[in-house]
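Input: a single structure, listed below in structure tokens.
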Amino acid sequence: MSNPGEADLTPITDPRQLAAWFAAGSKPRSAWKIGTEHEKFGFRRDGLEAPAYEPPSSKPGGIKAMLEGLQAKGWAPIMDGANIIGLKRDDGSVSLEPGGQFELSGAPMADLHATRVELFDHLRDVHEVAGPLGLGFAPLGFHPMATREQMPWMPKGRYAIMRNYMPRVGGMGLDMMLRTCTVQVNLDFGDEADMVEKLRVSLALQPLATALFANSPFREGKPSGFLTLRGRVWTDTDPDRTGIPPVAFEDGFGFERFADYVLDVPMYFIMRDGKWIDAAGVSFRAFLEGRAEKLAGHQATMGDWADHVTTVFTDVRLKRFLEMRGADAGSPAMLQAKPAFWTGLIYDDAAQKAAAALIRGWTVEEMRALRMAVPVQALDATIRGRRLRDVALDAIAIARDGLKARGLGEEVYLAPLEEIAASGMTQAQRWLQRYETAWRGDASRIFAEAEA
């Protein structure tokens, strides 16, 4: 998402510019990188509630103070009006989700060992700043205790627009904004054909990733009936921009067809002169063709297009790279396992072909049915009569071979996924065991044990 003053102001005068924007992400294999993003919930140690951006003086230490503390470690501030709402340094950034979830958007790295160093440097810095403020941070898929009303809202202009629009298109969009956290990995593609195969493989296997990383079994202090409540949230957020888009599996799919799909996704906003303008519900196609009354007098720019692409929440998002979006945030080991899994599957030719063979014949309808089953069943869900746990064993073995082929010793980061697939026990199921035994029904104890 563009920050004030950073957007590309090039006017869109030809629809071919839109497909070309995606195509410009194509890179030779030697330039492929790995970018990891993860979010985590803040909590106050003296009461476990989510910290406000700027709490009352009776409860010092909030999200603004966290950002200012990290700024002192060499980060430059990102401002929204008078409010600091993020940080940037080199090619990485720290940003805020609507409920104050703290997000590291890591710099593109050459290998998984470098992403590990980046992760632990960030967690160390967060601990050093959070400690004196009386705060902790826990990476979990869904907030285990707070109601929607108990979550704070961060002072970012675009969130006010989304907050008004979300209830019009889905029942859980506000939960997505306020009460979920994810871990994502961004990976490159070589050319259009490579992008298509990578996108299809990763869309088909995204429900598997959702199951393997299931880490959100609680809602407002009680078991929710879901192993990944975050996964359930994404099935009722906004059908116009989420899920598994059938267009990706149609004959002739490529950059142009994806751009055509994105043109019809409703917009949220555009930015002009540092201010967000509400465009909620208007398609980008209508904006481009001058039919958007809300945006009368404004010409569409490539910066508008780049911002709009970031509001397409498909399970894998195509930008100038591929963004794997299907997983709950989890322990540091799981935060490392996410990029390892996908790097192993699609950064080696033989592994990518094996992954494509693994999902051969799956229909979009079957993938979507699997996606709906996974939040409750996780690895016990089935596709084409086969348990997802068995698919997981195959996929992880392929990923291991793919990482071994890179020759860097990165396959060690798959260990937690191998254990989950072998045992069938997800992070969520282990938390539920703790809830029934050692915690004696007190879900709030998850914060101390899950803190990163």
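Letters A, B, ... mark the chains of the structure tokens in the order given; residue numbers begin at 1 per chain; ligand numbers begin at 1, in order shown.
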Pull the closest atom pair for each residue of region 361-385 of chain A that gets at most 12 Å from region 391-406 of chain A, along with the distance in Å to one decimal, counting only C-alpha atoms, ordering rows by chain and then ascending residue number, as a tab-separated table.
```
residue	atom	partner	partner_atom	distance
A:Ala378	CA	A:Ala392	CA	10.9
A:Leu379	CA	A:Ala392	CA	8.0
A:Asp380	CA	A:Val391	CA	10.6
A:Ala381	CA	A:Val391	CA	10.4
A:Thr382	CA	A:Val391	CA	9.1
A:Ile383	CA	A:Val391	CA	9.0
A:Arg384	CA	A:Val391	CA	10.9
A:Gly385	CA	A:Val391	CA	11.0
```
Give me, as a list of chain:residue names, all polymer residues having an atom no more than 12 Å from Gly47 (chain A), counting only C-alpha atoms and skipping those fewer than 3 positions away in the same chain.
A:Gly42, A:Phe43, A:Arg44, A:Ala50, A:Pro51, A:Lys59, A:Gly134, A:Leu135, A:Gly136, A:Met145, A:Ala146, A:Ser444, A:Arg445, A:Phe447
Taking 3 positions as the minimum chain separation for residues in the same chain, which residues sit within 6 Å of Pro108 (chain A) when counting only C-alpha atoms? Answer as JSON, numbers by chain.
{"A": [33, 34, 35]}
Distance in Å - CA of Lys294 (chain A) versus CA of Thr310 (chain A):
20.3 Å
Tell me, as a ChimeraX atom specification, which residues lie within 10 Å of region 422-432 of chain A, counting only C-alpha atoms; anything in the same chain fewer than 4 positions away does not count.
/A:140-141,211-218,222-223,226-229,328,330-331,334,378-380,388-390,392-393,416-418,436-437,439,441,443,445-446,449-450
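Across A:Pro98, A:Gly409, A:Pro339, A:Gly81, the tightest approach to Glu37 (chain A) is made by A:Pro339 when counting only C-alpha atoms.
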DSSP-assigned alpha helix (DSSP H) among region 192-422 of chain A, expressed as a ChimeraX atom specification:
/A:192-212,229-233,255-263,284-288,302-309,332-346,349-358,364-377,388-406,415-422
Can I get the selected residues back with C-alpha atoms, as an mmCIF file, in the first residue's frame?
```cif
data_model
loop_
_atom_site.group_PDB
_atom_site.id
_atom_site.type_symbol
_atom_site.label_atom_id
_atom_site.label_comp_id
_atom_site.auth_asym_id
_atom_site.auth_seq_id
_atom_site.Cartn_x
_atom_site.Cartn_y
_atom_site.Cartn_z
ATOM 1 C CA GLU A 192 4.153 -15.564 -17.335
ATOM 2 C CA ALA A 193 4.101 -19.355 -17.765
ATOM 3 C CA ASP A 194 6.036 -19.823 -14.523
ATOM 4 C CA MET A 195 3.685 -17.448 -12.712
ATOM 5 C CA VAL A 196 0.650 -19.415 -13.909
ATOM 6 C CA GLU A 197 1.957 -22.768 -12.709
ATOM 7 C CA LYS A 198 3.147 -21.350 -9.394
ATOM 8 C CA LEU A 199 -0.169 -19.585 -8.804
ATOM 9 C CA ARG A 200 -2.225 -22.685 -9.586
ATOM 10 C CA VAL A 201 -0.123 -24.953 -7.380
ATOM 11 C CA SER A 202 -0.164 -22.524 -4.478
ATOM 12 C CA LEU A 203 -3.906 -21.787 -4.737
ATOM 13 C CA ALA A 204 -4.710 -25.497 -4.774
ATOM 14 C CA LEU A 205 -2.454 -26.230 -1.790
ATOM 15 C CA GLN A 206 -3.375 -23.145 0.227
ATOM 16 C CA PRO A 207 -6.075 -25.059 2.186
ATOM 17 C CA LEU A 208 -3.333 -27.526 3.117
ATOM 18 C CA ALA A 209 -1.220 -24.673 4.461
ATOM 19 C CA THR A 210 -4.249 -23.384 6.381
ATOM 20 C CA ALA A 211 -4.568 -26.816 8.010
ATOM 21 C CA LEU A 212 -0.873 -27.257 8.789
ATOM 22 C CA LEU A 229 -11.046 -19.596 13.382
ATOM 23 C CA ARG A 230 -9.026 -17.241 11.229
ATOM 24 C CA GLY A 231 -9.589 -19.651 8.353
ATOM 25 C CA ARG A 232 -13.317 -19.509 9.009
ATOM 26 C CA VAL A 233 -13.268 -15.706 9.083
ATOM 27 C CA PHE A 255 -1.272 -11.455 -16.635
ATOM 28 C CA GLU A 256 -3.948 -9.977 -18.881
ATOM 29 C CA ARG A 257 -6.714 -12.242 -17.599
ATOM 30 C CA PHE A 258 -5.771 -11.555 -13.994
ATOM 31 C CA ALA A 259 -5.761 -7.812 -14.610
ATOM 32 C CA ASP A 260 -9.224 -8.144 -16.149
ATOM 33 C CA TYR A 261 -10.401 -9.969 -12.994
ATOM 34 C CA VAL A 262 -8.944 -7.301 -10.699
ATOM 35 C CA LEU A 263 -10.673 -4.553 -12.712
ATOM 36 C CA PHE A 284 -11.739 -0.145 -10.816
ATOM 37 C CA ARG A 285 -13.145 -0.690 -14.293
ATOM 38 C CA ALA A 286 -15.822 1.932 -13.637
ATOM 39 C CA PHE A 287 -13.163 4.310 -12.298
ATOM 40 C CA LEU A 288 -10.972 3.757 -15.339
ATOM 41 C CA MET A 302 -0.744 3.456 -11.718
ATOM 42 C CA GLY A 303 -0.423 4.253 -8.027
ATOM 43 C CA ASP A 304 -4.185 3.769 -7.690
ATOM 44 C CA TRP A 305 -3.852 0.433 -9.465
ATOM 45 C CA ALA A 306 -0.991 -0.725 -7.229
ATOM 46 C CA ASP A 307 -3.024 0.212 -4.132
ATOM 47 C CA HIS A 308 -6.122 -1.524 -5.472
ATOM 48 C CA VAL A 309 -4.201 -4.751 -6.122
ATOM 49 C CA PRO A 332 8.811 -18.534 15.823
ATOM 50 C CA ALA A 333 9.540 -22.017 14.479
ATOM 51 C CA MET A 334 6.290 -21.928 12.516
ATOM 52 C CA LEU A 335 7.012 -18.406 11.293
ATOM 53 C CA GLN A 336 10.171 -19.863 9.768
ATOM 54 C CA ALA A 337 8.409 -22.978 8.487
ATOM 55 C CA LYS A 338 6.008 -20.969 6.327
ATOM 56 C CA PRO A 339 8.620 -19.568 3.911
ATOM 57 C CA ALA A 340 10.449 -22.905 4.001
ATOM 58 C CA PHE A 341 7.359 -24.832 2.873
ATOM 59 C CA TRP A 342 6.601 -22.649 -0.134
ATOM 60 C CA THR A 343 10.206 -21.998 -1.106
ATOM 61 C CA GLY A 344 10.784 -25.725 -1.207
ATOM 62 C CA LEU A 345 7.697 -26.328 -3.318
ATOM 63 C CA ILE A 346 8.119 -23.675 -6.002
ATOM 64 C CA ASP A 349 11.885 -26.981 -10.999
ATOM 65 C CA ALA A 350 11.576 -30.659 -10.080
ATOM 66 C CA ALA A 351 9.741 -29.858 -6.849
ATOM 67 C CA GLN A 352 7.368 -27.501 -8.635
ATOM 68 C CA LYS A 353 6.545 -30.167 -11.218
ATOM 69 C CA ALA A 354 5.998 -32.725 -8.454
ATOM 70 C CA ALA A 355 3.686 -30.300 -6.636
ATOM 71 C CA ALA A 356 1.765 -29.712 -9.864
ATOM 72 C CA ALA A 357 1.389 -33.477 -10.266
ATOM 73 C CA LEU A 358 0.153 -33.747 -6.664
ATOM 74 C CA VAL A 364 -11.943 -25.543 -8.371
ATOM 75 C CA GLU A 365 -15.130 -26.838 -6.756
ATOM 76 C CA GLU A 366 -13.156 -29.502 -4.880
ATOM 77 C CA MET A 367 -10.542 -26.969 -3.776
ATOM 78 C CA ARG A 368 -13.244 -24.628 -2.526
ATOM 79 C CA ALA A 369 -14.999 -27.447 -0.653
ATOM 80 C CA LEU A 370 -11.689 -28.313 0.978
ATOM 81 C CA ARG A 371 -11.171 -24.700 1.942
ATOM 82 C CA MET A 372 -14.558 -24.687 3.692
ATOM 83 C CA ALA A 373 -13.857 -27.965 5.530
ATOM 84 C CA VAL A 374 -10.363 -27.144 6.795
ATOM 85 C CA PRO A 375 -11.263 -24.582 9.503
ATOM 86 C CA VAL A 376 -13.051 -27.317 11.482
ATOM 87 C CA GLN A 377 -11.277 -30.476 10.367
ATOM 88 C CA LEU A 388 -5.319 -33.988 3.874
ATOM 89 C CA ARG A 389 -2.795 -35.353 6.359
ATOM 90 C CA ASP A 390 -1.584 -37.776 3.677
ATOM 91 C CA VAL A 391 -1.412 -34.964 1.126
ATOM 92 C CA ALA A 392 0.612 -33.008 3.699
ATOM 93 C CA LEU A 393 3.168 -35.800 4.045
ATOM 94 C CA ASP A 394 3.643 -35.817 0.282
ATOM 95 C CA ALA A 395 3.811 -32.032 -0.037
ATOM 96 C CA ILE A 396 6.326 -31.657 2.800
ATOM 97 C CA ALA A 397 8.502 -34.376 1.284
ATOM 98 C CA ILE A 398 8.451 -32.494 -2.031
ATOM 99 C CA ALA A 399 9.333 -29.255 -0.241
ATOM 100 C CA ARG A 400 12.211 -30.990 1.550
ATOM 101 C CA ASP A 401 13.597 -32.252 -1.756
ATOM 102 C CA GLY A 402 13.223 -28.776 -3.234
ATOM 103 C CA LEU A 403 15.165 -27.207 -0.385
ATOM 104 C CA LYS A 404 17.838 -29.881 -0.500
ATOM 105 C CA ALA A 405 18.309 -29.116 -4.191
ATOM 106 C CA ARG A 406 19.145 -25.519 -3.244
ATOM 107 C CA ALA A 415 10.909 -29.819 11.075
ATOM 108 C CA PRO A 416 7.775 -28.470 12.838
ATOM 109 C CA LEU A 417 5.618 -29.203 9.806
ATOM 110 C CA GLU A 418 7.009 -32.716 9.549
ATOM 111 C CA GLU A 419 6.112 -33.288 13.186
ATOM 112 C CA ILE A 420 2.573 -31.947 12.696
ATOM 113 C CA ALA A 421 1.959 -34.080 9.612
ATOM 114 C CA ALA A 422 3.400 -37.197 11.265
#
```
Spatial neighbours of Ala292 (chain A), max dist 12 Å, only C-alpha atoms, sep filter under 5 positions, as a short mmCIF file (atom, residue, chain, number, x, y, z; two decimals) with C-alpha atoms, in the first residue's frame:
```cif
data_model
loop_
_atom_site.label_atom_id
_atom_site.label_comp_id
_atom_site.auth_asym_id
_atom_site.auth_seq_id
_atom_site.Cartn_x
_atom_site.Cartn_y
_atom_site.Cartn_z
CA PRO A 266 -14.73 -3.33 -5.86
CA MET A 267 -12.39 -0.61 -4.68
CA PHE A 269 -10.32 4.17 -1.78
CA ASP A 278 -13.89 6.82 -0.18
CA ALA A 279 -14.53 4.74 -3.31
CA ALA A 280 -16.01 1.70 -1.53
CA GLY A 281 -18.03 -0.53 -3.82
CA VAL A 282 -16.93 1.08 -7.09
CA SER A 283 -15.10 -1.23 -9.48
CA PHE A 284 -11.74 -0.14 -10.82
CA ARG A 285 -13.15 -0.69 -14.29
CA ALA A 286 -15.82 1.93 -13.64
CA PHE A 287 -13.16 4.31 -12.30
CA GLY A 297 -12.79 14.60 -11.44
CA HIS A 298 -10.02 12.12 -10.63
CA GLN A 299 -8.01 10.26 -13.26
CA ALA A 300 -6.85 6.73 -12.50
#
```
Residues near Pro28 (chain A), anyone? I mean within 9 Å using only C-alpha atoms, not counting same-chain ones fewer than 5 positions away, as number ranges by chain.
A: 189-191
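Distance-wise, CA of Asn186 (chain A) and CA of Ser95 (chain A) end up 16.5 Å apart.
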